[in-house]
Amino acid sequence: MPRKPDLTSIPKKEPAGPREQAARPGDASVSAASWYSAYAEIPNSKLRFSAADFRLEAAELLAAVRDAKSIDEARGRAIDFINQTAHDLCNRSDLSTSEEIIGRHAARIWRNLLSLHAEQRSDFSTLRALIDLAGGKKRADLSPGFFAELTHLWRAVAGDTGVLPAEDDHRQERLSGREAARCRSNQLDRFWVSAKTKLERYRHGLEPEFAELRRHQRRNIRMLFDASLEQWNDWHWQAAHVIKDPELIARAVSIPAPLFESVCEARRNGLPFGVTPFYLSLFDPQGRYDQALRAIVLPPPDYVAELSNKRESRSESFDFMREHDTSPVDLVTRRYPNIAIFKPYNTCPQICVYCQRNWEIDDAMDPHAMASAEKIDAAIKWLAAHPAIYEILFTGGDPLVMSDRKLKEILDRLAAIPHVERIRIGTRTPVTMPMRITDKLVELLGSYREPGRREICVITHIEHPFEVNQDMVSAVERLRRRGIPVYNQHVYTFYSSRRFEAVALRRLLRLIGVDSYYTFNAKGKEETAAYRVPIARLLQEQREEARLSPGLVRSDEAVYNVPALGKNYIRAAQDRELLAILPDGSRLYEFHPWEKFTSSKKTYVARDVSILSYLKRLEAIGEDPDDYATIWYHY
């Protein structure tokens with residue numbers, strides 16, 4: 001059995017190490033405490049919206065519904081007024097083409113919000129709110145977030161957003177040939193100068209100063225366990241010494257008191273938790289650049305309270321993707337005709353707080369995580385009996401924590417199924433425990449490759465540039481040299497959603513040989529509300545930031561996971577509709593099923609995060625809301 005560290009013998013003084021580097025100008029470094037505390041109203045905040053201000057700005061719209069004799073008449077008047085305003089917008093010579101496009105899009109959203117269908121599906125009437133505002137009625141339920149949304153919708157349809165820089169489009173239109181090309185090239189240079197300034201804020205783990213800091217951290221953590229370098233580089237040692245004691249973590253890195261107490265409470269309540277010694281060595285001891293890393297594994301108070309209150313019904317309460325309803329046999333989930341998920345091993349060396357399977361994972365490296373031989377046998381026989389399934393996502397938990405012998409036993413059986421032409425292995429070990437990617441393991445995985453017959457690939461989850469390190473790069477290289485591609489699924493959370501933060505990650509991943517695969521909007525799980533980001537922010541990232549890095553750097557797909565149905569492509573506006581702006585300022589979306597043209601399925605209605613609340617959180621950690629000004633116009 002691994003020796004448990006004697007905490008009483010560990011000195012509280014941090015060992016001497018390399019001198020802390022001063023933050024560079026523009027660095028995205030913020031005190032750790034501010035990330036986890038509830039945001040407070042910023043004095044002189046730019047984010048102030050009220051009913052009175054909206055009445056002034058949208059006086060003409062409110063006048064259109066003020067004297068209507070019935071709700072139907074008010075609806076007709078409001079829609080007619082919006083249509084006329086949009087028509088007038090298209091005939092204005094003083095507007096840029098971009099401003100006109102934003103206005104026409106906003107007009108469509110207005111028509112959605114004012115429709116009877118939206119009222120029936122959302123159980124809220126935007127039209128009734130407009131009528132009440134027009135009549136001077138006070139509505140205590142309508143928040144500043146609600147008025148922020150309506151104000152920006154009105155500004156868009158009125159051609160008055162003020163968010164786009166003045167462009168000399170007309171000058172470009174007068175040019176042609178080489179002169180036009182140079183004018184356009186100069187414009188693109190200006191775009192990139194602005195983007196580069198933001199990109200350079202985000203530090204990554206391959207920078208020399210952080211590589212040295214991490215070597216120092218590893219020495220410190222090895223001291224805590226009295227471990228040799230040989231032990232540290234052995235994945236079996238890492239897996240056997242997963243850290244579950246908050247006190248031990250606090251000896252290695254600074255943790256704000258509320259977050260430390262939250263982790264302690266999680267352990268007292270038996271919630272799944274664990275950090276590998278290797279991953280802890282990636283933290284910035286002072287918490288300046290590593291908030292995305294900490295947020296992955298250190299559960300915040302709201303999460304702990306929610307899971308603790310429902311721990312007896314966790315399996316039912318937190319199954320957001322409704323895997324119970326899409327599991328035809330134990331260990332298998334199926335949402336698409338040709339792909340199935342196979343989950344024989346139900347734990348990981350460390351637990352991601354926002355994991356969609358937090359309802360079924362008991363603890364990091366739980367000794368009872370392996371499914372019984374009978375269940376595994378039944379699941380593989382079921383997969384073999386369904387020839388439509390030609391791709392299997394072999395995941396868990398993290399299957400690469402299994403022994404080579406057990407992996408081979410299962411992979412042999414999956415590869416023997418005639419119709420299986422692709423096996424994807426879902427694992428985070430390249431990040432959390434890269435020493436697991438041994439030469440022996442790589443040879444085992446590579447042995448199942450048969451070009452033209454069967455592909456094997458690794459799907460991992462790298463969340464932030466600061467996670468990237470030389471050990472991970474070496475692990476990826478070993479896989480690629482054996483012909484095994486590595487893809488990344490990025491979860492777009494609050495802690496990785498600042499301007500150009502995701503672009504910085506994709507650029508770095510491309511350089512180390514990892515292809516970006518999906519960017520997931522953080523799931524609408526109530527227990528992880530602190531991690532969620534408005535869909536509009538991900539749309540803004542994809543349409544603005546990612547488009548400045550086209551080609552292989554931006555070649556992933558932004559998706560929202562719809563319970564029981566699977567991925568809904570956020571880029572495709574025809575796959576969702578904005579139904580309502582709810583009183584608290586959150587948007588209500590109706591997602592269409594992916595098979596809407598091939599079978600009859602109900603749509604899924606989901607409540608999003610309030611944009612105003614999200615921007616206030618950003619403002620509280622030092623971000624300038626003006627940098628996000630166009631977020632309101634992404635629907």
# chains A, B, ... in the order shown; residues from 1 in each chain; ligands from 1
call {"tool": "residues_around", "arguments": {"residues": "Thr493 in chain A", "least_positions_apart": "3", "cutoff": "8 Å", "atoms": "only C-alpha atoms", "output": "list in words"}}
result
Ser496, Ser497, Asn521, Ala522, Tyr531, Arg532 and Val533 of chain A
call {"tool": "write_last_selection", "arguments": {"atoms": "C-alpha atoms", "output": "PDB file, in the first residue's frame"}}
result
ATOM      1  CA  SER A 496     -11.366  29.825 -20.298  1.00  0.00           C
ATOM      2  CA  SER A 497     -13.684  32.292 -22.013  1.00  0.00           C
ATOM      3  CA  ASN A 521     -20.645  25.007 -24.423  1.00  0.00           C
ATOM      4  CA  ALA A 522     -20.545  24.087 -20.722  1.00  0.00           C
ATOM      5  CA  TYR A 531     -18.787  27.512 -15.016  1.00  0.00           C
ATOM      6  CA  ARG A 532     -21.400  28.334 -17.590  1.00  0.00           C
ATOM      7  CA  VAL A 533     -20.957  30.921 -20.322  1.00  0.00           C
TER       8      VAL A 533
END
call {"tool": "select_by_dssp", "arguments": {"residues": "range 300-545 of chain A", "states": "alpha helix (DSSP H)", "output": "ChimeraX atom specification"}}
result
/A:301-309,314-317,373-384,404-415,429-432,439-446,470-481,501-512,535-540
call {"tool": "closest_atom_pairs", "arguments": {"of": "range 412-497 of chain A", "to": "range 210-226 of chain A", "cutoff": "10 Å", "atoms": "only C-alpha atoms", "output": "CSV"}}
result
residue,atom,partner,partner_atom,distance
A:Phe466,CA,A:Phe210,CA,9.0
A:Asn469,CA,A:Ala211,CA,7.5
A:Gln470,CA,A:Ala211,CA,8.0
call {"tool": "residues_around", "arguments": {"residues": "Ser555 in chain A", "least_positions_apart": "6", "cutoff": "8 Å", "atoms": "only C-alpha atoms", "output": "ChimeraX atom specification"}}
result
/A:515-517
call {"tool": "write_last_selection", "arguments": {"atoms": "all heavy atoms", "output": "CSV table (one decimal), in the first residue's frame"}}
result
chain,number,residue,atom,x,y,z
A,515,ASP,N,-5.1,18.1,-32.8
A,515,ASP,CA,-6.1,18.8,-33.6
A,515,ASP,C,-7.3,19.1,-32.8
A,515,ASP,O,-7.9,18.3,-32.0
A,515,ASP,CB,-6.6,17.8,-34.7
A,515,ASP,CG,-5.5,17.5,-35.7
A,515,ASP,OD1,-4.8,18.5,-36.1
A,515,ASP,OD2,-5.3,16.4,-36.2
A,516,SER,N,-7.8,20.4,-32.9
A,516,SER,CA,-9.0,20.8,-32.2
A,516,SER,C,-10.2,20.1,-32.9
A,516,SER,O,-10.4,20.1,-34.1
A,516,SER,CB,-9.2,22.3,-32.3
A,516,SER,OG,-8.1,22.9,-31.6
A,517,TYR,N,-11.1,19.6,-32.0
A,517,TYR,CA,-12.2,18.7,-32.5
A,517,TYR,C,-13.5,19.4,-32.2
A,517,TYR,O,-14.3,19.7,-33.1
A,517,TYR,CB,-12.1,17.4,-31.8
A,517,TYR,CG,-13.1,16.3,-32.2
A,517,TYR,CD1,-13.5,16.1,-33.5
A,517,TYR,CD2,-13.6,15.4,-31.2
A,517,TYR,CE1,-14.4,15.1,-33.8
A,517,TYR,CE2,-14.5,14.4,-31.5
A,517,TYR,CZ,-14.9,14.3,-32.8
A,517,TYR,OH,-15.8,13.3,-33.1
call {"tool": "select_by_dssp", "arguments": {"residues": "range 260-435 of chain A", "states": "strand (DSSP E or B)", "output": "PyMOL selection string"}}
result
chain A and resi 275+329+332-333+339-345+370+391-396+422-426
call {"tool": "write_last_selection", "arguments": {"atoms": "C-alpha atoms", "output": "PDB file, in the first residue's frame"}}
result
ATOM      1  CA  VAL A 275      -5.610  15.571  -8.152  1.00  0.00           C
ATOM      2  CA  VAL A 329     -27.596  -2.093 -22.069  1.00  0.00           C
ATOM      3  CA  VAL A 332     -23.330   1.501 -23.447  1.00  0.00           C
ATOM      4  CA  THR A 333     -24.816   4.861 -24.459  1.00  0.00           C
ATOM      5  CA  ILE A 339     -21.560   5.680 -32.866  1.00  0.00           C
ATOM      6  CA  ALA A 340     -21.847   4.183 -29.400  1.00  0.00           C
ATOM      7  CA  ILE A 341     -20.150   5.011 -26.106  1.00  0.00           C
ATOM      8  CA  PHE A 342     -18.637   2.112 -24.179  1.00  0.00           C
ATOM      9  CA  LYS A 343     -17.835   2.747 -20.468  1.00  0.00           C
ATOM     10  CA  PRO A 344     -16.330  -0.295 -18.713  1.00  0.00           C
ATOM     11  CA  TYR A 345     -14.200   1.679 -16.240  1.00  0.00           C
ATOM     12  CA  MET A 370     -14.074  -1.759 -13.137  1.00  0.00           C
ATOM     13  CA  GLU A 391     -17.444   3.715 -34.355  1.00  0.00           C
ATOM     14  CA  ILE A 392     -16.954   3.128 -30.637  1.00  0.00           C
ATOM     15  CA  LEU A 393     -15.948   5.772 -28.116  1.00  0.00           C
ATOM     16  CA  PHE A 394     -14.132   3.757 -25.457  1.00  0.00           C
ATOM     17  CA  THR A 395     -14.280   5.989 -22.388  1.00  0.00           C
ATOM     18  CA  GLY A 396     -15.447   6.064 -18.780  1.00  0.00           C
ATOM     19  CA  ARG A 422     -12.915   3.220 -35.647  1.00  0.00           C
ATOM     20  CA  ILE A 423     -12.110   3.087 -31.944  1.00  0.00           C
ATOM     21  CA  ARG A 424     -11.804   6.383 -30.136  1.00  0.00           C
ATOM     22  CA  ILE A 425     -10.199   6.343 -26.705  1.00  0.00           C
ATOM     23  CA  GLY A 426     -11.407   9.145 -24.448  1.00  0.00           C
TER      24      GLY A 426
END
call {"tool": "closest_residue", "arguments": {"among": "A:Arg182, A:Arg75, A:Lys601, A:Arg322", "to": "Leu114 in chain A", "atoms": "only C-alpha atoms"}}
result
A:Arg75
call {"tool": "residues_around", "arguments": {"residues": "Ala546 in chain A", "least_positions_apart": "5", "cutoff": "9 Å", "atoms": "only C-alpha atoms", "output": "ChimeraX atom specification"}}
result
/A:500,502-503,540-541,553-555
